[in-house]
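Only one structure is covered here, and it is reproduced in the block below.
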Amino acid sequence: MIPSDHFVRFYNEVFKTLDSLGRDHLAAYWRELGRLQTQELAERFRKEGLQACHDYWARIVQEENCVADLTLTDDYFEFRMHKCPSLSKVLDNDAAPFDLYCDHCMAWVKPVMREAGLYAVMDMESRTEPHCCLRIYTDPELAHTFEQQCKLPSKPYSNH
């Protein structure tokens, strides 16, 4: 298995390479990631709703050694990343970070949530600092309201 330190750097270079061939290549790659993740996770999120989101990202916090807060309310689940280990590793690299690196998260999260009947909104807050805020809602209007408040809403071009 490839160590995560190497994996995220590899991922960064894959994104840059695909993008250099044309945005449609990168978009197709991200759509495929979303399709695979949807097969893996959508039914679970559909059945268990926001609690499944909380449980999934709680495991991610442990497995990936994230510095993050998780909040579960009746209306939304929030994953507030204070120090993203993935972007941190990419930034601690001798190769420049891909300018849309962070978009890969919503490229898979959004289709999974859409298939599960949930609404994901990501405030990336910055493309150069390793922190962001993901919220997943049961109500599309509440999701839209939160998106209007975001500093840097993620709108991955692969999902439009």
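Going through the structure tokens in order, the chains are called A, B, and so on, while each chain numbers its residues from 1 and the ligands are numbered from 1 in the order shown.
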
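For chain A, backbone-based DSSP assignment of strand (DSSP E or B) covers Val67, Ala68, Asp69, Leu70, Thr71, Leu72, Tyr76, Phe77, Glu78, Phe79, Arg80, Met81, His82, Lys83, Tyr119, Ala120, Val121, Met122, Asp123, Cys132, Cys133, Leu134, Arg135, Ile136, Tyr137 and Pro153 of chain A.
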
Tell me, counting only C-alpha atoms, for each residue of region 18-42 of chain A within 7 Å of region 105-112 of chain A, which pair of atoms is nearest and how far apart they are in Å to one decimal, in rows ordered by chain and increasing number, as CSV.
residue,atom,partner,partner_atom,distance
A:Trp30,CA,A:Ala107,CA,5.6
A:Arg31,CA,A:Ala107,CA,6.8
A:Leu33,CA,A:Trp108,CA,5.8
A:Gly34,CA,A:Trp108,CA,3.8
A:Gln37,CA,A:Trp108,CA,6.4
A:Thr38,CA,A:Val112,CA,4.5
A:Leu41,CA,A:Val112,CA,6.8
A:Ala42,CA,A:Val112,CA,5.2

Worksheet entry | A:Arg59, A:His82, A:Lys89, A:His54 ranked by distance to Tyr137 (chain A), top pick (using only C-alpha atoms) | A:His54

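Of the residues under consideration (A:His131, A:Lys83, A:Lys151, A:His104), A:His104 shows the shortest atom-to-atom contact distance to Ala28 (chain A) when counting only C-alpha atoms.
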
Item to complete: Point out the residue among A:Ala116, A:Leu100, A:Val8, A:Met122 with the least atom-to-atom distance to Ala27 (chain A), counting only C-alpha atoms.
Response: A:Leu100

Worksheet item: Quick one, how far is CA of Thr17 (chain A) from CA of Cys133 (chain A)?
Response: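 According to the coordinates, CA of Thr17 (chain A) and CA of Cys133 (chain A) are separated by 27.4 Å.
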